[in-house]
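Trainee: For reference, this is upload-v6.txt, and it has compact mmCIF, C-alpha atoms.
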```txt
# COMPACT_ATOMS: atom_id res chain seq x y z
CA MET F 1 10.24 20.14 2.32
CA GLU F 2 8.80 22.26 -0.45
CA LEU F 3 10.55 22.92 -3.70
CA SER F 4 11.07 26.47 -4.90
CA LEU F 5 11.61 27.12 -8.62
CA THR F 6 12.55 30.28 -10.48
CA SER F 7 13.19 30.57 -14.20
CA ARG F 8 15.41 32.97 -16.09
CA MET F 9 17.17 33.28 -19.43
CA SER F 10 20.95 33.46 -19.89
CA GLN F 11 23.07 33.02 -23.04
CA GLY F 12 20.28 31.26 -24.92
CA TRP F 13 19.53 28.89 -22.03
CA THR F 14 16.38 28.65 -19.95
CA ILE F 15 17.73 28.27 -16.43
CA ILE F 16 15.47 26.81 -13.76
CA ASP F 17 16.94 27.47 -10.32
CA VAL F 18 15.85 24.90 -7.76
CA ALA F 19 15.85 25.22 -3.96
CA GLY F 20 14.93 22.44 -1.55
CA GLU F 21 14.83 18.67 -1.78
CA LEU F 22 14.43 16.89 -5.11
CA ASP F 23 12.64 13.66 -4.25
CA LEU F 24 9.56 11.53 -4.87
CA ASN F 25 7.23 14.31 -3.72
CA THR F 26 8.90 17.25 -5.47
CA ALA F 27 10.42 15.85 -8.69
CA PRO F 28 7.11 16.08 -10.59
CA THR F 29 7.02 19.83 -9.92
CA LEU F 30 10.42 20.31 -11.55
CA ARG F 31 9.44 18.02 -14.42
CA GLU F 32 6.34 20.15 -15.06
CA GLU F 33 8.48 23.30 -15.12
CA ILE F 34 10.92 21.73 -17.60
CA ASP F 35 7.99 20.56 -19.75
CA ARG F 36 6.51 24.09 -19.71
CA ALA F 37 9.84 25.52 -20.84
CA VAL F 38 10.09 22.99 -23.70
CA GLU F 39 6.48 23.57 -24.74
CA GLY F 40 7.29 27.29 -24.77
CA GLY F 41 10.06 26.66 -27.30
CA ALA F 42 13.13 26.17 -25.10
CA THR F 43 15.68 23.74 -26.52
CA ARG F 44 18.45 24.43 -24.02
CA VAL F 45 17.46 23.97 -20.38
CA ALA F 46 19.81 24.21 -17.40
CA VAL F 47 18.80 23.23 -13.88
CA GLY F 48 20.48 25.35 -11.22
CA MET F 49 21.23 23.03 -8.31
CA SER F 50 23.15 25.27 -5.88
CA GLU F 51 20.32 25.25 -3.33
CA VAL F 52 19.27 21.61 -3.70
CA THR F 53 19.98 20.04 -0.32
CA PHE F 54 18.99 16.46 -1.17
CA MET F 55 18.27 14.40 -4.29
CA ASP F 56 17.03 10.82 -4.34
CA SER F 57 16.74 8.32 -7.19
CA THR F 58 13.36 9.74 -8.20
CA GLY F 59 14.87 13.18 -8.74
CA LEU F 60 17.76 11.65 -10.63
CA GLY F 61 15.44 9.56 -12.79
CA MET F 62 13.36 12.63 -13.60
CA LEU F 63 16.49 14.48 -14.78
CA VAL F 64 17.51 11.57 -17.02
CA THR F 65 13.99 11.44 -18.47
CA ALA F 66 14.07 15.20 -19.11
CA LEU F 67 17.47 14.81 -20.80
CA LYS F 68 16.08 12.14 -23.14
CA HIS F 69 12.99 14.25 -23.82
CA LEU F 70 15.13 17.23 -24.82
CA GLN F 71 17.54 15.13 -26.88
CA GLU F 72 14.59 13.75 -28.87
CA ARG F 73 13.90 17.37 -29.82
CA GLU F 74 17.59 18.00 -30.58
CA GLY F 75 17.84 20.02 -27.36
CA GLN F 76 20.14 20.01 -24.38
CA LEU F 77 19.82 19.64 -20.62
CA ALA F 78 22.59 20.68 -18.23
CA LEU F 79 23.04 20.89 -14.47
CA VAL F 80 24.59 24.01 -12.97
CA ALA F 81 26.27 24.41 -9.57
CA ILE F 82 25.58 20.88 -8.35
CA ASP F 83 27.36 20.04 -5.11
CA GLY F 84 27.06 18.11 -1.85
CA SER F 85 24.59 15.23 -1.67
CA PRO F 86 23.21 15.70 -5.21
CA ARG F 87 26.76 15.67 -6.66
CA LYS F 88 27.50 12.48 -4.73
CA VAL F 89 24.36 10.75 -6.06
CA LEU F 90 25.32 11.75 -9.61
CA SER F 91 28.86 10.46 -9.14
CA ILE F 92 27.93 7.16 -7.47
CA THR F 93 25.49 6.29 -10.25
CA GLY F 94 27.93 7.26 -12.99
CA LEU F 95 25.42 9.70 -14.41
CA ASP F 96 27.89 12.55 -14.10
CA ASP F 97 29.16 11.22 -17.46
CA VAL F 98 25.65 11.45 -18.95
CA LEU F 99 24.29 14.69 -17.53
CA PRO F 100 26.53 17.65 -18.43
CA THR F 101 27.46 19.74 -15.40
CA TYR F 102 28.84 23.26 -15.17
CA ASP F 103 30.14 25.26 -12.22
CA GLY F 104 27.93 28.26 -13.01
CA ALA F 105 25.50 29.65 -15.56
CA GLU F 106 28.32 31.73 -17.03
CA ASP F 107 30.09 28.45 -17.94
CA LEU F 108 27.23 27.14 -20.12
CA PRO F 109 28.13 26.95 -23.81
CA ALA F 110 26.87 30.02 -25.65
CA GLY F 111 24.60 29.55 -28.54
```
What is this file in structure tokens?

Mentor:
Amino acid sequence: MELSLTSRMSQGWTIIDVAGELDLNTAPTLREEIDRAVEGGATRVAVGMSEVTFMDSTGLGMLVTALKHLQEREGQLALVAIDGSPRKVLSITGLDDVLPTYDGAEDLPAG
């Protein structure tokens, strides 16, 4: 399945809304979009997950790598509206304690 990405700004955050499956084949596409945002000056990036139907360990690993990349630049990465299978993967791995999650974009810390 293809991955669809759209970017927008809200409350000082670059929000990348993702639709589709986040896996071995599609994770690099999201990583490139996050990298573009950071290269463009973004320090606060949120990934909108409401339409992600599946996430495997590759997708999860890419998010952790992006988090570290942003933290090295004193930035932040957050996940928004994560549910279903992706939420379960996050919970099982214990990474829900590492990757900040918010119910919606309006819940992101202002700044």

Trainee: Using only C-alpha atoms, which residues sit within 10 Å of Met55 (chain F) once same-chain residues fewer than 4 positions away are excluded, as a list in words?

Mentor: Gly20, Glu21, Leu22, Asp23, Leu24, Thr26, Ala27, Met49, Gly59, Leu60, Gly84, Ser85, Pro86, Arg87, Lys88, Val89 and Leu90 of chain F

Trainee: Restricting the calculation to all atoms listed in the file: of F:Val45, F:Asp35, F:Pro28, F:Gly75, which residue gets closest to Met9 (chain F)?

Mentor: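 Closest to Met9 (chain F) of all the choices is F:Val45.
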
Trainee: Residues at most 10 Å from Thr14 (chain F), counting all atoms listed in the file, excluding those fewer than 3 positions away in the same chain, as a list in words?

Mentor: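 Near neighbours after the sequence-gap exclusion: Ser7, Arg8, Met9, Ser10, Gln11, Asp17, Ile34, Ala37, Val38, Gly41, Ala42, Thr43, Arg44, Val45, Ala46, Val47 and Leu77 of chain F.
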
Trainee: List the neighbours of Asp107 (chain F) out to 10 Å using all atoms listed in the file; skip same-chain residues closer than 4 positions along the sequence, and give me the result as a list in words.

Mentor: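 Non-adjacent residues within range: Gln11, Val80, Thr101, Tyr102 and Asp103 of chain F.
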
Trainee: Determine the axis-aligned bounding box of all atoms of region 58-72 of chain F present in the file, pad each side by 5 Å, and express its centre and edge lengths in Å to one decimal place as JSON.

Mentor:
```
{"center_x": 15.4, "center_y": 13.4, "center_z": -18.5, "size_x": 14.8, "size_y": 17.7, "size_z": 30.7}
```

Trainee: Just give me the gap between CA of Glu51 (chain F) and CA of Val18 (chain F) in Å, one decimal is fine.

Mentor: 6.3 Å

Trainee: Would you mind telling me which residue in F:Leu67, F:Trp13, F:Glu39, F:Thr53 lies nearest to Pro109 (chain F) when using only C-alpha atoms?

Mentor: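 Closest residue, counting only C-alpha atoms: F:Trp13.
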
Trainee: Between F:Ser91, F:Ala19, F:Ile82, F:Ala110, which one has atoms that come closest to Thr6 (chain F), using all atoms listed in the file?

Mentor: F:Ala19

Trainee: Where atoms are absent from region 59-82 of chain F, fill them in so it carries N, CA and C atoms, then output it as a PDB file, in the frame of the given file.

Mentor:
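This is the output file part18.pdb:
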```
ATOM      1  N   GLY F  59      14.410  11.924  -8.153  1.00  0.00           N
ATOM      2  CA  GLY F  59      14.870  13.180  -8.740  1.00  0.00           C
ATOM      3  C   GLY F  59      15.868  12.933  -9.846  1.00  0.00           C
ATOM      4  N   LEU F  60      16.765  11.995  -9.626  1.00  0.00           N
ATOM      5  CA  LEU F  60      17.760  11.650 -10.630  1.00  0.00           C
ATOM      6  C   LEU F  60      17.097  11.057 -11.874  1.00  0.00           C
ATOM      7  N   GLY F  61      16.159  10.167 -11.668  1.00  0.00           N
ATOM      8  CA  GLY F  61      15.440   9.560 -12.790  1.00  0.00           C
ATOM      9  C   GLY F  61      14.678  10.594 -13.602  1.00  0.00           C
ATOM     10  N   MET F  62      14.087  11.568 -12.914  1.00  0.00           N
ATOM     11  CA  MET F  62      13.360  12.630 -13.600  1.00  0.00           C
ATOM     12  C   MET F  62      14.309  13.441 -14.473  1.00  0.00           C
ATOM     13  N   LEU F  63      15.517  13.725 -13.988  1.00  0.00           N
ATOM     14  CA  LEU F  63      16.490  14.480 -14.780  1.00  0.00           C
ATOM     15  C   LEU F  63      16.927  13.702 -16.018  1.00  0.00           C
ATOM     16  N   VAL F  64      17.130  12.406 -15.871  1.00  0.00           N
ATOM     17  CA  VAL F  64      17.510  11.570 -17.020  1.00  0.00           C
ATOM     18  C   VAL F  64      16.374  11.541 -18.044  1.00  0.00           C
ATOM     19  N   THR F  65      15.138  11.425 -17.572  1.00  0.00           N
ATOM     20  CA  THR F  65      13.990  11.440 -18.470  1.00  0.00           C
ATOM     21  C   THR F  65      13.887  12.778 -19.200  1.00  0.00           C
ATOM     22  N   ALA F  66      14.101  13.867 -18.482  1.00  0.00           N
ATOM     23  CA  ALA F  66      14.070  15.200 -19.110  1.00  0.00           C
ATOM     24  C   ALA F  66      15.183  15.333 -20.140  1.00  0.00           C
ATOM     25  N   LEU F  67      16.356  14.787 -19.843  1.00  0.00           N
ATOM     26  CA  LEU F  67      17.470  14.810 -20.800  1.00  0.00           C
ATOM     27  C   LEU F  67      17.064  14.099 -22.084  1.00  0.00           C
ATOM     28  N   LYS F  68      16.503  12.909 -21.964  1.00  0.00           N
ATOM     29  CA  LYS F  68      16.080  12.140 -23.140  1.00  0.00           C
ATOM     30  C   LYS F  68      15.008  12.893 -23.928  1.00  0.00           C
ATOM     31  N   HIS F  69      14.070  13.492 -23.199  1.00  0.00           N
ATOM     32  CA  HIS F  69      12.990  14.250 -23.820  1.00  0.00           C
ATOM     33  C   HIS F  69      13.551  15.416 -24.650  1.00  0.00           C
ATOM     34  N   LEU F  70      14.516  16.120 -24.095  1.00  0.00           N
ATOM     35  CA  LEU F  70      15.130  17.230 -24.820  1.00  0.00           C
ATOM     36  C   LEU F  70      15.973  16.736 -25.988  1.00  0.00           C
ATOM     37  N   GLN F  71      16.712  15.657 -25.800  1.00  0.00           N
ATOM     38  CA  GLN F  71      17.540  15.130 -26.880  1.00  0.00           C
ATOM     39  C   GLN F  71      16.689  14.674 -28.067  1.00  0.00           C
ATOM     40  N   GLU F  72      15.498  14.144 -27.792  1.00  0.00           N
ATOM     41  CA  GLU F  72      14.590  13.750 -28.870  1.00  0.00           C
ATOM     42  C   GLU F  72      14.189  14.945 -29.723  1.00  0.00           C
ATOM     43  N   ARG F  73      14.239  16.128 -29.123  1.00  0.00           N
ATOM     44  CA  ARG F  73      13.900  17.370 -29.820  1.00  0.00           C
ATOM     45  C   ARG F  73      15.160  18.148 -30.226  1.00  0.00           C
ATOM     46  N   GLU F  74      16.281  17.422 -30.244  1.00  0.00           N
ATOM     47  CA  GLU F  74      17.590  18.000 -30.580  1.00  0.00           C
ATOM     48  C   GLU F  74      17.959  19.151 -29.647  1.00  0.00           C
ATOM     49  N   GLY F  75      17.535  19.023 -28.380  1.00  0.00           N
ATOM     50  CA  GLY F  75      17.840  20.020 -27.360  1.00  0.00           C
ATOM     51  C   GLY F  75      18.889  19.521 -26.392  1.00  0.00           C
ATOM     52  N   GLN F  76      19.125  20.331 -25.377  1.00  0.00           N
ATOM     53  CA  GLN F  76      20.140  20.010 -24.380  1.00  0.00           C
ATOM     54  C   GLN F  76      19.600  20.247 -22.971  1.00  0.00           C
ATOM     55  N   LEU F  77      20.090  19.438 -22.036  1.00  0.00           N
ATOM     56  CA  LEU F  77      19.820  19.640 -20.620  1.00  0.00           C
ATOM     57  C   LEU F  77      21.169  19.657 -19.920  1.00  0.00           C
ATOM     58  N   ALA F  78      21.351  20.591 -19.004  1.00  0.00           N
ATOM     59  CA  ALA F  78      22.590  20.680 -18.230  1.00  0.00           C
ATOM     60  C   ALA F  78      22.249  20.960 -16.778  1.00  0.00           C
ATOM     61  N   LEU F  79      23.165  20.580 -15.896  1.00  0.00           N
ATOM     62  CA  LEU F  79      23.040  20.890 -14.470  1.00  0.00           C
ATOM     63  C   LEU F  79      24.093  21.937 -14.133  1.00  0.00           C
ATOM     64  N   VAL F  80      23.696  22.909 -13.335  1.00  0.00           N
ATOM     65  CA  VAL F  80      24.590  24.010 -12.970  1.00  0.00           C
ATOM     66  C   VAL F  80      24.730  24.047 -11.448  1.00  0.00           C
ATOM     67  N   ALA F  81      25.960  24.211 -10.996  1.00  0.00           N
ATOM     68  CA  ALA F  81      26.270  24.410  -9.570  1.00  0.00           C
ATOM     69  C   ALA F  81      25.764  23.266  -8.698  1.00  0.00           C
ATOM     70  N   ILE F  82      25.999  22.046  -9.137  1.00  0.00           N
ATOM     71  CA  ILE F  82      25.580  20.880  -8.350  1.00  0.00           C
ATOM     72  C   ILE F  82      26.710  20.525  -7.390  1.00  0.00           C
TER      73      ILE F  82
END
```
